[in-house]
file upload-v1.cif (mmCIF, C-alpha atoms)
data_model
loop_
_atom_site.label_atom_id
_atom_site.label_comp_id
_atom_site.auth_asym_id
_atom_site.auth_seq_id
_atom_site.Cartn_x
_atom_site.Cartn_y
_atom_site.Cartn_z
CA MET D 1 -30.91 14.05 67.60
CA MET D 2 -30.76 10.68 69.34
CA LYS D 3 -34.16 9.75 67.87
CA ASN D 4 -32.93 10.56 64.33
CA HIS D 5 -29.85 8.48 64.92
CA HIS D 6 -32.00 5.46 65.88
CA PHE D 7 -34.29 5.98 62.93
CA LEU D 8 -31.31 6.10 60.56
CA LYS D 9 -29.86 2.96 62.13
CA ILE D 10 -33.15 1.05 61.78
CA SER D 11 -33.60 2.25 58.18
CA LEU D 12 -30.08 1.27 57.17
CA ASN D 13 -30.38 -2.18 58.74
CA PHE D 14 -33.76 -2.68 57.13
CA ALA D 15 -32.30 -1.69 53.76
CA ALA D 16 -29.40 -4.10 54.32
CA VAL D 17 -31.83 -6.96 55.05
CA ILE D 18 -33.81 -6.15 51.89
CA LEU D 19 -30.59 -6.07 49.86
CA LEU D 20 -29.54 -9.44 51.28
CA LEU D 21 -32.94 -10.99 50.59
CA THR D 22 -32.89 -9.59 47.04
CA LEU D 23 -29.49 -11.15 46.45
CA VAL D 24 -30.65 -14.49 47.80
CA VAL D 25 -33.89 -14.58 45.82
CA THR D 26 -32.49 -13.24 42.50
CA PRO D 27 -31.02 -16.53 41.15
CA PHE D 28 -34.28 -18.37 41.76
CA TYR D 29 -36.42 -15.65 40.18
CA PHE D 30 -34.01 -15.71 37.26
CA ALA D 31 -34.09 -19.52 37.07
CA ARG D 32 -37.90 -19.44 36.98
CA GLN D 33 -38.11 -16.79 34.27
CA PHE D 34 -35.11 -17.54 32.09
CA SER D 35 -36.49 -20.40 30.01
CA GLN D 36 -39.92 -20.61 28.44
CA VAL D 37 -41.91 -22.26 25.69
CA SER D 38 -42.36 -20.01 22.68
CA GLY D 39 -44.69 -19.80 19.73
CA VAL D 40 -47.97 -20.56 21.42
CA LYS D 41 -47.61 -18.02 24.17
CA SER D 42 -49.98 -15.43 22.83
CA GLU D 43 -52.30 -17.82 21.00
CA THR D 44 -53.57 -20.25 23.57
CA GLN D 45 -54.60 -20.07 27.21
CA TYR D 46 -53.30 -23.54 28.02
CA LEU D 47 -51.48 -26.54 26.58
CA VAL D 48 -52.53 -30.10 27.25
CA VAL D 49 -50.00 -32.93 27.18
CA SER D 50 -51.39 -36.45 27.18
CA GLN D 51 -49.82 -39.14 29.32
CA VAL D 52 -52.48 -41.79 28.66
CA GLU D 53 -49.91 -44.00 26.94
CA LYS D 54 -48.47 -44.66 30.40
CA PHE D 55 -51.70 -46.40 31.41
CA PRO D 56 -52.41 -49.70 29.61
CA GLY D 57 -55.91 -49.84 28.17
CA MET D 58 -56.51 -46.10 28.43
CA TYR D 59 -57.51 -44.08 25.37
CA LEU D 60 -57.91 -40.36 24.76
CA SER D 61 -59.85 -38.63 22.04
CA GLN D 62 -60.26 -34.92 21.54
CA THR D 63 -62.95 -32.87 19.84
CA GLY D 64 -62.25 -29.17 20.11
CA ASN D 65 -62.07 -28.33 23.78
CA ARG D 66 -63.57 -31.65 24.92
CA TYR D 67 -61.40 -34.59 25.93
CA GLU D 68 -62.82 -38.07 26.24
CA ILE D 69 -60.86 -40.64 28.21
CA SER D 70 -61.90 -44.27 28.31
CA PHE D 71 -60.20 -47.05 30.22
CA GLU D 72 -60.57 -50.50 31.75
CA ARG D 73 -60.71 -50.44 35.53
CA GLN D 74 -58.96 -53.35 37.25
CA ASN D 75 -60.21 -52.67 40.79
CA PRO D 76 -63.52 -51.41 42.25
CA SER D 77 -61.76 -48.20 43.20
CA GLN D 78 -58.78 -46.94 41.27
CA ALA D 79 -56.88 -43.68 40.81
CA TYR D 80 -54.88 -42.65 37.74
CA MET D 81 -52.35 -39.92 38.47
CA ALA D 82 -51.24 -37.30 35.95
CA VAL D 83 -53.21 -38.62 33.02
CA LEU D 84 -53.00 -35.19 31.39
CA ILE D 85 -50.64 -32.31 32.04
CA VAL D 86 -51.95 -28.77 31.64
CA ASN D 87 -49.38 -26.06 31.06
CA ASN D 88 -49.94 -22.33 31.35
CA PRO D 89 -47.90 -20.96 28.42
CA THR D 90 -48.92 -17.34 28.97
CA ASN D 91 -47.07 -14.58 30.79
CA LYS D 92 -49.70 -14.34 33.53
CA ALA D 93 -51.10 -16.67 36.17
CA LYS D 94 -54.32 -18.32 34.99
CA THR D 95 -57.19 -19.95 36.81
CA TYR D 96 -58.36 -23.14 35.16
CA SER D 97 -61.50 -25.04 36.02
CA LEU D 98 -62.42 -28.58 35.05
CA GLN D 99 -65.87 -29.40 33.71
CA ALA D 100 -66.37 -33.16 33.67
CA SER D 101 -69.28 -35.44 32.84
CA SER D 102 -70.99 -36.97 35.88
CA GLY D 103 -70.43 -40.65 36.59
CA ALA D 104 -68.24 -43.01 38.55
CA THR D 105 -65.06 -41.26 37.40
CA THR D 106 -64.00 -37.88 38.71
CA ALA D 107 -61.26 -35.69 37.25
CA PHE D 108 -59.27 -33.32 39.41
CA PHE D 109 -56.19 -31.10 39.33
CA GLY D 110 -53.08 -32.32 41.14
CA GLU D 111 -52.37 -35.74 42.59
CA ASP D 112 -53.86 -35.40 46.06
CA LEU D 113 -56.74 -37.78 46.60
CA ASP D 114 -57.76 -35.93 49.76
CA SER D 115 -58.26 -32.72 47.87
CA LEU D 116 -60.01 -33.18 44.53
CA LEU D 117 -59.48 -29.72 43.05
CA THR D 118 -61.64 -28.75 40.09
CA GLN D 119 -60.27 -25.22 39.98
CA ILE D 120 -56.65 -24.18 40.24
CA ASN D 121 -54.53 -21.08 39.88
CA VAL D 122 -51.49 -21.82 37.72
CA PRO D 123 -48.52 -19.41 37.61
CA ALA D 124 -47.06 -18.40 34.24
CA GLY D 125 -45.11 -21.18 32.53
CA VAL D 126 -46.07 -23.76 35.13
CA SER D 127 -47.69 -27.17 34.56
CA VAL D 128 -50.25 -29.04 36.65
CA PRO D 129 -51.36 -32.65 36.29
CA ILE D 130 -54.95 -33.79 35.86
CA SER D 131 -55.70 -37.09 37.59
CA LEU D 132 -58.70 -39.41 37.63
CA ILE D 133 -60.34 -41.38 40.39
CA SER D 134 -62.88 -44.02 39.53
CA GLN D 135 -65.06 -45.74 42.13
CA GLY D 136 -68.59 -46.83 42.97
CA ASP D 137 -69.63 -48.40 39.67
CA SER D 138 -69.39 -52.11 38.98
CA ALA D 139 -68.74 -51.68 35.23
CA SER D 140 -65.07 -52.08 34.41
CA THR D 141 -65.17 -49.93 31.27
CA GLN D 142 -65.28 -46.29 32.21
CA THR D 143 -65.50 -43.12 30.15
CA ILE D 144 -65.17 -39.54 31.23
CA GLU D 145 -65.60 -36.42 29.18
CA LEU D 146 -63.92 -33.29 30.35
CA SER D 147 -63.15 -29.76 29.27
CA ILE D 148 -60.92 -27.06 30.67
CA GLU D 149 -62.22 -23.53 31.13
CA THR D 150 -60.09 -20.47 31.65
CA ASN D 151 -61.40 -17.89 34.11
CA MET C 1 -24.39 1.77 61.71
CA VAL C 2 -25.39 -1.39 59.84
CA ALA C 3 -24.82 -4.64 61.75
CA LYS C 4 -21.46 -6.14 60.85
CA SER C 5 -22.97 -9.57 60.30
CA LEU C 6 -25.46 -8.19 57.78
CA ILE C 7 -22.68 -6.56 55.78
CA LYS C 8 -20.65 -9.75 55.93
CA LEU C 9 -23.62 -11.89 54.84
CA THR C 10 -24.43 -9.52 51.96
CA ASP C 11 -20.80 -9.56 50.91
CA GLU C 12 -20.70 -13.35 51.02
CA ALA C 13 -23.98 -13.62 49.06
CA ILE C 14 -22.69 -11.86 45.93
CA ILE C 15 -20.54 -14.72 44.60
CA PRO C 16 -23.17 -17.48 45.12
CA THR C 17 -25.83 -15.28 43.48
CA LEU C 18 -23.67 -14.75 40.40
CA ALA C 19 -22.49 -18.38 40.36
CA LEU C 20 -26.07 -19.73 40.37
CA ILE C 21 -27.22 -17.35 37.62
CA VAL C 22 -24.21 -18.28 35.47
CA ALA C 23 -24.81 -21.99 36.19
CA LYS C 24 -28.42 -21.68 35.03
CA MET C 25 -27.41 -19.85 31.83
CA VAL C 26 -24.51 -22.16 31.01
CA GLY C 27 -26.65 -25.19 31.90
CA LEU C 28 -29.38 -24.12 29.49
CA TYR C 29 -26.91 -23.35 26.75
CA LEU C 30 -24.97 -26.62 27.11
CA THR C 31 -28.17 -28.67 27.29
CA SER C 32 -29.46 -27.02 24.12
CA LEU C 33 -26.17 -27.79 22.38
CA THR C 34 -25.87 -31.36 23.69
CA PHE C 35 -29.45 -32.38 22.88
CA ASN C 36 -29.65 -30.23 19.78
CA LEU C 37 -32.65 -28.28 21.05
CA PRO C 38 -33.57 -25.29 18.89
CA PHE C 39 -34.11 -22.09 20.85
CA GLU C 40 -34.25 -18.34 20.42
CA VAL C 41 -33.19 -15.60 22.79
CA LYS C 42 -35.85 -13.01 23.62
CA THR C 43 -36.20 -10.20 26.10
CA GLN C 44 -38.69 -10.15 28.93
CA GLY C 45 -39.38 -8.93 32.47
CA PHE C 46 -39.18 -5.42 33.82
CA LEU C 47 -38.51 -2.95 30.93
CA ASN C 48 -37.87 -5.97 28.70
CA ILE C 49 -34.22 -6.07 29.65
CA LEU C 50 -33.92 -9.62 30.99
CA PRO C 51 -32.90 -12.26 28.45
CA ALA C 52 -35.09 -15.34 28.10
CA ILE C 53 -34.53 -18.54 26.16
CA SER C 54 -37.59 -19.75 24.28
CA PHE C 55 -37.96 -23.39 23.28
CA ASN C 56 -40.28 -24.65 20.58
CA ASN C 57 -42.15 -27.17 22.67
CA ILE C 58 -42.69 -28.40 26.20
CA ALA C 59 -40.55 -31.52 25.77
CA ASP C 60 -37.48 -29.43 24.84
CA TYR C 61 -38.27 -26.96 27.60
CA THR C 62 -38.52 -29.73 30.20
CA ILE C 63 -35.16 -31.27 29.22
CA ALA C 64 -33.39 -27.90 29.24
CA GLU C 65 -35.05 -26.84 32.49
CA ASN C 66 -34.08 -30.06 34.27
CA TYR C 67 -30.44 -30.12 33.22
CA SER C 68 -29.97 -26.42 33.95
CA ASN C 69 -31.54 -26.92 37.39
CA LEU C 70 -29.09 -29.77 37.91
CA ALA C 71 -26.23 -27.41 36.97
CA MET C 72 -27.51 -24.95 39.59
CA LEU C 73 -27.64 -27.71 42.17
CA ILE C 74 -24.08 -28.85 41.35
CA VAL C 75 -22.75 -25.29 41.73
CA ALA C 76 -24.62 -24.75 45.03
CA ALA C 77 -23.41 -28.13 46.33
CA LEU C 78 -19.79 -27.53 45.24
CA GLY C 79 -19.74 -24.08 46.86
CA THR C 80 -21.09 -25.50 50.12
CA PHE C 81 -18.70 -28.46 49.92
CA PHE C 82 -15.72 -26.12 49.50
CA VAL C 83 -16.74 -24.06 52.54
CA LEU C 84 -17.38 -27.17 54.63
CA VAL C 85 -13.95 -28.62 53.72
CA ARG C 86 -12.41 -25.33 54.81
CA ALA C 87 -14.44 -25.37 58.04
CA ARG C 88 -13.45 -28.96 58.77
CA PHE C 89 -9.74 -28.95 57.86
CA PHE C 90 -8.60 -25.33 57.52
CA HIS C 91 -10.52 -23.82 60.44
CA ALA C 92 -8.25 -21.49 62.43
CA SER C 93 -9.74 -22.64 65.74
CA HIS C 94 -9.02 -26.35 65.28
CA ILE C 95 -6.63 -26.90 62.38
CA HIS C 96 -4.20 -29.76 62.97
CA PRO C 97 -0.77 -28.35 63.94
CA LYS C 98 1.01 -30.55 61.35
CA LEU C 99 -1.27 -29.31 58.55
CA HIS C 100 -0.85 -25.75 59.77
CA ALA C 101 2.94 -26.08 59.68
CA ARG C 102 2.80 -27.60 56.19
CA LEU C 103 0.59 -24.78 54.90
CA VAL C 104 2.97 -22.19 56.36
CA ARG C 105 5.87 -23.97 54.67
CA LEU C 106 4.03 -23.95 51.33
CA ASN C 107 3.01 -20.32 51.77
CA LEU C 108 -0.66 -21.34 51.67
CA GLU C 109 -1.65 -19.83 55.01
CA SER C 110 -4.42 -17.89 53.29
CA LEU C 111 -6.41 -21.14 53.14
CA ILE C 112 -6.86 -21.01 56.90
CA ALA C 113 -9.95 -19.03 57.85
CA PRO C 114 -11.38 -17.78 61.16
CA SER C 115 -14.79 -18.92 62.44
CA TYR C 116 -16.38 -15.51 61.78
CA HIS C 117 -15.59 -15.72 58.08
CA LEU C 118 -16.33 -19.44 57.69
CA TYR C 119 -19.66 -19.40 59.48
CA HIS C 120 -21.02 -16.46 57.50
CA GLN C 121 -19.88 -18.08 54.27
CA ALA C 122 -21.30 -21.48 55.23
CA ALA C 123 -24.62 -19.95 56.33
CA ILE C 124 -25.02 -18.21 52.96
CA TRP C 125 -24.07 -21.26 50.89
CA LEU C 126 -26.38 -23.49 52.92
CA ILE C 127 -29.23 -20.99 52.47
CA PHE C 128 -28.64 -21.10 48.70
CA LEU C 129 -28.42 -24.89 48.75
CA TRP C 130 -31.69 -25.26 50.70
CA LEU C 131 -33.42 -22.70 48.48
CA THR C 132 -32.27 -24.73 45.48
CA VAL C 133 -33.79 -27.81 47.15
CA GLY C 134 -37.04 -25.91 47.71
CA PHE C 135 -37.03 -24.67 44.13
CA LEU C 136 -36.48 -28.20 42.79
CA ILE C 137 -39.16 -29.72 45.04
CA LEU C 138 -41.64 -27.04 43.97
CA SER C 139 -40.75 -27.57 40.31
CA SER C 140 -41.17 -31.34 40.63
CA ILE C 141 -44.55 -30.91 42.37
CA LEU C 142 -45.62 -28.65 39.51
CA GLY C 143 -44.39 -31.22 37.00
CA THR C 144 -41.60 -29.20 35.37
CA ALA C 145 -38.69 -31.03 37.04
CA TYR C 146 -37.71 -34.64 37.62
CA VAL C 147 -38.38 -35.83 41.18
CA GLN C 148 -35.04 -37.69 41.23
CA ILE C 149 -33.09 -34.42 41.10
CA ALA C 150 -35.13 -32.98 43.98
CA ILE C 151 -34.48 -36.10 46.08
CA ILE C 152 -30.73 -36.01 45.38
CA ALA C 153 -30.70 -32.29 46.24
CA PHE C 154 -32.49 -32.94 49.54
CA VAL C 155 -30.08 -35.74 50.53
CA VAL C 156 -27.03 -33.60 49.68
CA ALA C 157 -28.37 -30.55 51.57
CA ALA C 158 -29.33 -32.60 54.62
CA ASN C 159 -25.88 -34.21 54.81
CA PHE C 160 -24.05 -30.92 54.34
CA SER C 161 -26.18 -29.31 57.07
CA TRP C 162 -25.33 -32.19 59.36
CA ILE C 163 -21.56 -31.79 58.67
CA PHE C 164 -21.89 -28.06 59.35
CA ALA C 165 -23.71 -28.76 62.63
CA LEU C 166 -20.85 -31.08 63.68
CA ASP C 167 -18.36 -28.28 63.06
CA ILE C 168 -20.41 -25.83 65.13
CA GLU C 169 -20.56 -28.44 67.91
CA LYS C 170 -16.77 -28.75 67.82
CA GLU C 171 -16.41 -24.97 67.93
CA VAL C 172 -18.71 -24.73 70.96
CA GLU C 173 -16.67 -27.43 72.74
CA ILE C 174 -13.43 -25.56 72.02
CA SER C 175 -14.80 -22.27 73.33
CA ARG C 176 -16.15 -24.05 76.45
CA GLU C 177 -12.72 -25.57 77.13
CA SER C 178 -11.00 -22.24 76.70
CA VAL C 179 -13.30 -20.52 79.27
#

call {"tool": "encode", "arguments": {"input": "upload-v1.cif", "output": "structure tokens"}}
result
Amino acid sequence: MMKNHHFLKISLNFAAVILLLTLVVTPFYFARQFSQVSGVKSETQYLVVSQVEKFPGMYLSQTGNRYEISFERQNPSQAYMAVLIVNNPTNKAKTYSLQASSGATTAFFGEDLDSLLTQINVPAGVSVPISLISQGDSASTQTIELSIETN
Amino acid sequence: MVAKSLIKLTDEAIIPTLALIVAKMVGLYLTSLTFNLPFEVKTQGFLNILPAISFNNIADYTIAENYSNLAMLIVAALGTFFVLVRARFFHASHIHPKLHARLVRLNLESLIAPSYHLYHQAAIWLIFLWLTVGFLILSSILGTAYVQIAIIAFVVAANFSWIFALDIEKEVEISRESV
């Protein structure tokens, strides 16, 4: 009898904690899900937004799934943050991987120079930046070709 | 059976939960109206019962998302501010006698609250405020929110937490003196 009483007490308190956590988390789940981008949701695996206009002397051209970025490097080693923004417009998390041409310039997901990610898991509706780091080549004019694959 | 504090916290969490959801909805709606952003309302989520606002492009979505997040932050900050003002000036344990007398005269004694009520309420509002900060920081890292809003949110939450800590300190001093 006493054992049942304890079990009931633990269960009720556990349920109360779950209820409290649900209440606390609900507005943020709602905030995350409530707005979205429509139209392209079911048609494309990702959206790419160019920010190259923020970088003087940087140019972007696109042929199908391939993006070519050329720019003038001012220093022997230079990083360009959030040159492109990739958005996951689908309802599910997607894993994107970057395929880039080899050379002095490397493309990576995010903005962390200590962790040059070439593959990333992106939750539904979320955007991630693609940044560039260029070093080790004396030529000031650099070009990188990259494509984004969905896994 | 269930711990009193848990019931009290759950009870206190209902209003902030609803307030933040309404702030997000109203924020999105007002932003769409103000900036003339076309949108359509769809259903989504479990059993397709949750409403969702769809924008035509990412630029519109980003504007609406940022301003509605700001509305959420304002509501969370105002709620916390209200509780902290009550804790600082209308706290039963250390309300100024003159203010107490004036409130009694004006029949506004209900503004005075005991520590048990105030601390549960403040804890819940601060949790919501810090979660809003976390949500904004995460959104800005992921590129869907402006960093400025996340920074403002962090500064507001840190200052409110500090004010709350001062009140707890005062309360501890009072209880020490009374022992």

call {"tool": "closest_residue", "arguments": {"input": "upload-v1.cif", "among": "D:Leu21, D:Ala82, D:Ile69, D:Val37", "to": "Pro129 of chain D", "atoms": "all atoms listed in the file"}}
result
D:Ala82

call {"tool": "closest_atom_pairs", "arguments": {"input": "upload-v1.cif", "of": "chain C", "to": "chain D", "cutoff": "6 Å", "atoms": "only C-alpha atoms", "output": "Markdown table"}}
result
| residue | atom | partner | partner_atom | distance |
| --- | --- | --- | --- | --- |
| C:Met1 | CA | D:Lys9 | CA | 5.6 |
| C:Val2 | CA | D:Asn13 | CA | 5.2 |
| C:Thr10 | CA | D:Leu20 | CA | 5.2 |
| C:Thr17 | CA | D:Pro27 | CA | 5.8 |
| C:Leu20 | CA | D:Pro27 | CA | 5.9 |
| C:Ile21 | CA | D:Pro27 | CA | 5.3 |
| C:Ala52 | CA | D:Phe34 | CA | 4.6 |
| C:Ile53 | CA | D:Ser35 | CA | 4.7 |
| C:Ser54 | CA | D:Gln36 | CA | 4.8 |
| C:Phe55 | CA | D:Val37 | CA | 4.8 |
| C:Asn56 | CA | D:Ser38 | CA | 5.5 |
| C:Asn57 | CA | D:Val37 | CA | 5.8 |
| C:Leu142 | CA | D:Val128 | CA | 5.5 |
| C:Gly143 | CA | D:Ser127 | CA | 5.8 |

call {"tool": "write_last_selection", "arguments": {"input": "upload-v1.cif", "atoms": "C-alpha atoms", "output": "compact mmCIF listing (two decimals), keeping the file's coordinate frame"}}
result
# COMPACT_ATOMS: atom_id res chain seq x y z
CA MET C 1 -24.39 1.77 61.71
CA VAL C 2 -25.39 -1.39 59.84
CA THR C 10 -24.43 -9.52 51.96
CA THR C 17 -25.83 -15.28 43.48
CA LEU C 20 -26.07 -19.73 40.37
CA ILE C 21 -27.22 -17.35 37.62
CA ALA C 52 -35.09 -15.34 28.10
CA ILE C 53 -34.53 -18.54 26.16
CA SER C 54 -37.59 -19.75 24.28
CA PHE C 55 -37.96 -23.39 23.28
CA ASN C 56 -40.28 -24.65 20.58
CA ASN C 57 -42.15 -27.17 22.67
CA LEU C 142 -45.62 -28.65 39.51
CA GLY C 143 -44.39 -31.22 37.00

call {"tool": "atom_distance", "arguments": {"input": "upload-v1.cif", "atom1": "atom CA of Leu99 of chain C", "atom2": "atom CA of Pro114 of chain C"}}
result
15.6 Å

call {"tool": "resolve_selection", "arguments": {"input": "upload-v1.cif", "expression": "the PyMOL selection byres ((chain C and resi 147) around 12)", "output": "list in words"}}
result
Asn66, Asn69, Leu70, Val133, Gly134, Phe135, Leu136, Ile137, Leu138, Ser139, Ser140, Ile141, Leu142, Gly143, Thr144, Ala145, Tyr146, Gln148, Ile149, Ala150, Ile151, Ile152, Ala153 and Phe154 of chain C

call {"tool": "residues_around", "arguments": {"input": "upload-v1.cif", "residues": "Leu117 of chain D", "least_positions_apart": "5", "cutoff": "9 Å", "atoms": "all atoms listed in the file", "output": "number ranges by chain"}}
result
D: 97-98, 107-110, 112

call {"tool": "atom_distance", "arguments": {"input": "upload-v1.cif", "atom1": "atom CA of Pro76 of chain D", "atom2": "atom CA of Gln135 of chain D"}}
result
5.9 Å

call {"tool": "atom_distance", "arguments": {"input": "upload-v1.cif", "atom1": "atom CA of Arg73 of chain D", "atom2": "atom CA of Ile144 of chain D"}}
result
12.5 Å

call {"tool": "residues_near_point", "arguments": {"input": "upload-v1.cif", "point": "(-52.5, -13.0, 30.2)", "cutoff": "9 Å", "atoms": "all atoms listed in the file", "output": "PyMOL selection string"}}
result
chain D and resi 42+45+90-94+124

call {"tool": "write_last_selection", "arguments": {"input": "upload-v1.cif", "atoms": "C-alpha atoms", "output": "CSV table (one decimal), keeping the file's coordinate frame"}}
result
chain,number,residue,atom,x,y,z
D,42,SER,CA,-50.0,-15.4,22.8
D,45,GLN,CA,-54.6,-20.1,27.2
D,90,THR,CA,-48.9,-17.3,29.0
D,91,ASN,CA,-47.1,-14.6,30.8
D,92,LYS,CA,-49.7,-14.3,33.5
D,93,ALA,CA,-51.1,-16.7,36.2
D,94,LYS,CA,-54.3,-18.3,35.0
D,124,ALA,CA,-47.1,-18.4,34.2

call {"tool": "build_atoms", "arguments": {"input": "upload-v1.cif", "residues": "segment 15-37 of chain D", "atoms": "N, CA and C atoms", "output": "PDB file, in the frame of the given file"}}
result
ATOM      1  N   ALA D  15     -32.739  -1.710  55.165  1.00  0.00           N
ATOM      2  CA  ALA D  15     -32.300  -1.690  53.760  1.00  0.00           C
ATOM      3  C   ALA D  15     -31.293  -2.810  53.489  1.00  0.00           C
ATOM      4  N   ALA D  16     -30.419  -3.040  54.481  1.00  0.00           N
ATOM      5  CA  ALA D  16     -29.400  -4.100  54.320  1.00  0.00           C
ATOM      6  C   ALA D  16     -30.070  -5.475  54.250  1.00  0.00           C
ATOM      7  N   VAL D  17     -31.100  -5.673  55.072  1.00  0.00           N
ATOM      8  CA  VAL D  17     -31.830  -6.960  55.050  1.00  0.00           C
ATOM      9  C   VAL D  17     -32.510  -7.153  53.694  1.00  0.00           C
ATOM     10  N   ILE D  18     -33.130  -6.077  53.195  1.00  0.00           N
ATOM     11  CA  ILE D  18     -33.810  -6.150  51.890  1.00  0.00           C
ATOM     12  C   ILE D  18     -32.806  -6.480  50.786  1.00  0.00           C
ATOM     13  N   LEU D  19     -31.640  -5.834  50.867  1.00  0.00           N
ATOM     14  CA  LEU D  19     -30.590  -6.070  49.860  1.00  0.00           C
ATOM     15  C   LEU D  19     -30.146  -7.540  49.913  1.00  0.00           C
ATOM     16  N   LEU D  20     -29.955  -8.045  51.120  1.00  0.00           N
ATOM     17  CA  LEU D  20     -29.540  -9.440  51.280  1.00  0.00           C
ATOM     18  C   LEU D  20     -30.600 -10.398  50.734  1.00  0.00           C
ATOM     19  N   LEU D  21     -31.859 -10.127  51.075  1.00  0.00           N
ATOM     20  CA  LEU D  21     -32.940 -10.990  50.590  1.00  0.00           C
ATOM     21  C   LEU D  21     -33.034 -10.949  49.057  1.00  0.00           C
ATOM     22  N   THR D  22     -32.851  -9.742  48.503  1.00  0.00           N
ATOM     23  CA  THR D  22     -32.890  -9.590  47.040  1.00  0.00           C
ATOM     24  C   THR D  22     -31.804 -10.441  46.390  1.00  0.00           C
ATOM     25  N   LEU D  23     -30.605 -10.362  46.996  1.00  0.00           N
ATOM     26  CA  LEU D  23     -29.490 -11.150  46.450  1.00  0.00           C
ATOM     27  C   LEU D  23     -29.782 -12.644  46.512  1.00  0.00           C
ATOM     28  N   VAL D  24     -30.380 -13.063  47.623  1.00  0.00           N
ATOM     29  CA  VAL D  24     -30.650 -14.490  47.800  1.00  0.00           C
ATOM     30  C   VAL D  24     -31.736 -14.988  46.847  1.00  0.00           C
ATOM     31  N   VAL D  25     -32.737 -14.149  46.631  1.00  0.00           N
ATOM     32  CA  VAL D  25     -33.890 -14.580  45.820  1.00  0.00           C
ATOM     33  C   VAL D  25     -33.616 -14.460  44.309  1.00  0.00           C
ATOM     34  N   THR D  26     -32.736 -13.523  43.932  1.00  0.00           N
ATOM     35  CA  THR D  26     -32.490 -13.240  42.500  1.00  0.00           C
ATOM     36  C   THR D  26     -32.219 -14.488  41.647  1.00  0.00           C
ATOM     37  N   PRO D  27     -31.286 -15.383  42.033  1.00  0.00           N
ATOM     38  CA  PRO D  27     -31.020 -16.530  41.150  1.00  0.00           C
ATOM     39  C   PRO D  27     -32.238 -17.406  40.902  1.00  0.00           C
ATOM     40  N   PHE D  28     -33.116 -17.488  41.900  1.00  0.00           N
ATOM     41  CA  PHE D  28     -34.280 -18.370  41.760  1.00  0.00           C
ATOM     42  C   PHE D  28     -35.369 -17.710  40.913  1.00  0.00           C
ATOM     43  N   TYR D  29     -35.497 -16.393  41.048  1.00  0.00           N
ATOM     44  CA  TYR D  29     -36.420 -15.650  40.180  1.00  0.00           C
ATOM     45  C   TYR D  29     -35.930 -15.795  38.729  1.00  0.00           C
ATOM     46  N   PHE D  30     -34.630 -15.616  38.579  1.00  0.00           N
ATOM     47  CA  PHE D  30     -34.010 -15.710  37.260  1.00  0.00           C
ATOM     48  C   PHE D  30     -34.199 -17.123  36.676  1.00  0.00           C
ATOM     49  N   ALA D  31     -33.954 -18.127  37.521  1.00  0.00           N
ATOM     50  CA  ALA D  31     -34.090 -19.520  37.070  1.00  0.00           C
ATOM     51  C   ALA D  31     -35.512 -19.814  36.612  1.00  0.00           C
ATOM     52  N   ARG D  32     -36.477 -19.203  37.304  1.00  0.00           N
ATOM     53  CA  ARG D  32     -37.900 -19.440  36.980  1.00  0.00           C
ATOM     54  C   ARG D  32     -38.278 -18.771  35.662  1.00  0.00           C
ATOM     55  N   GLN D  33     -37.693 -17.608  35.414  1.00  0.00           N
ATOM     56  CA  GLN D  33     -38.110 -16.790  34.270  1.00  0.00           C
ATOM     57  C   GLN D  33     -37.279 -17.017  33.014  1.00  0.00           C
ATOM     58  N   PHE D  34     -36.081 -17.558  33.192  1.00  0.00           N
ATOM     59  CA  PHE D  34     -35.110 -17.540  32.090  1.00  0.00           C
ATOM     60  C   PHE D  34     -35.500 -18.395  30.892  1.00  0.00           C
ATOM     61  N   SER D  35     -36.106 -19.560  31.147  1.00  0.00           N
ATOM     62  CA  SER D  35     -36.490 -20.400  30.010  1.00  0.00           C
ATOM     63  C   SER D  35     -38.004 -20.463  29.896  1.00  0.00           C
ATOM     64  N   GLN D  36     -38.477 -20.566  28.676  1.00  0.00           N
ATOM     65  CA  GLN D  36     -39.920 -20.610  28.440  1.00  0.00           C
ATOM     66  C   GLN D  36     -40.219 -21.348  27.144  1.00  0.00           C
ATOM     67  N   VAL D  37     -41.490 -21.624  26.935  1.00  0.00           N
ATOM     68  CA  VAL D  37     -41.910 -22.260  25.690  1.00  0.00           C
ATOM     69  C   VAL D  37     -42.444 -21.157  24.780  1.00  0.00           C
TER      70      VAL D  37
END
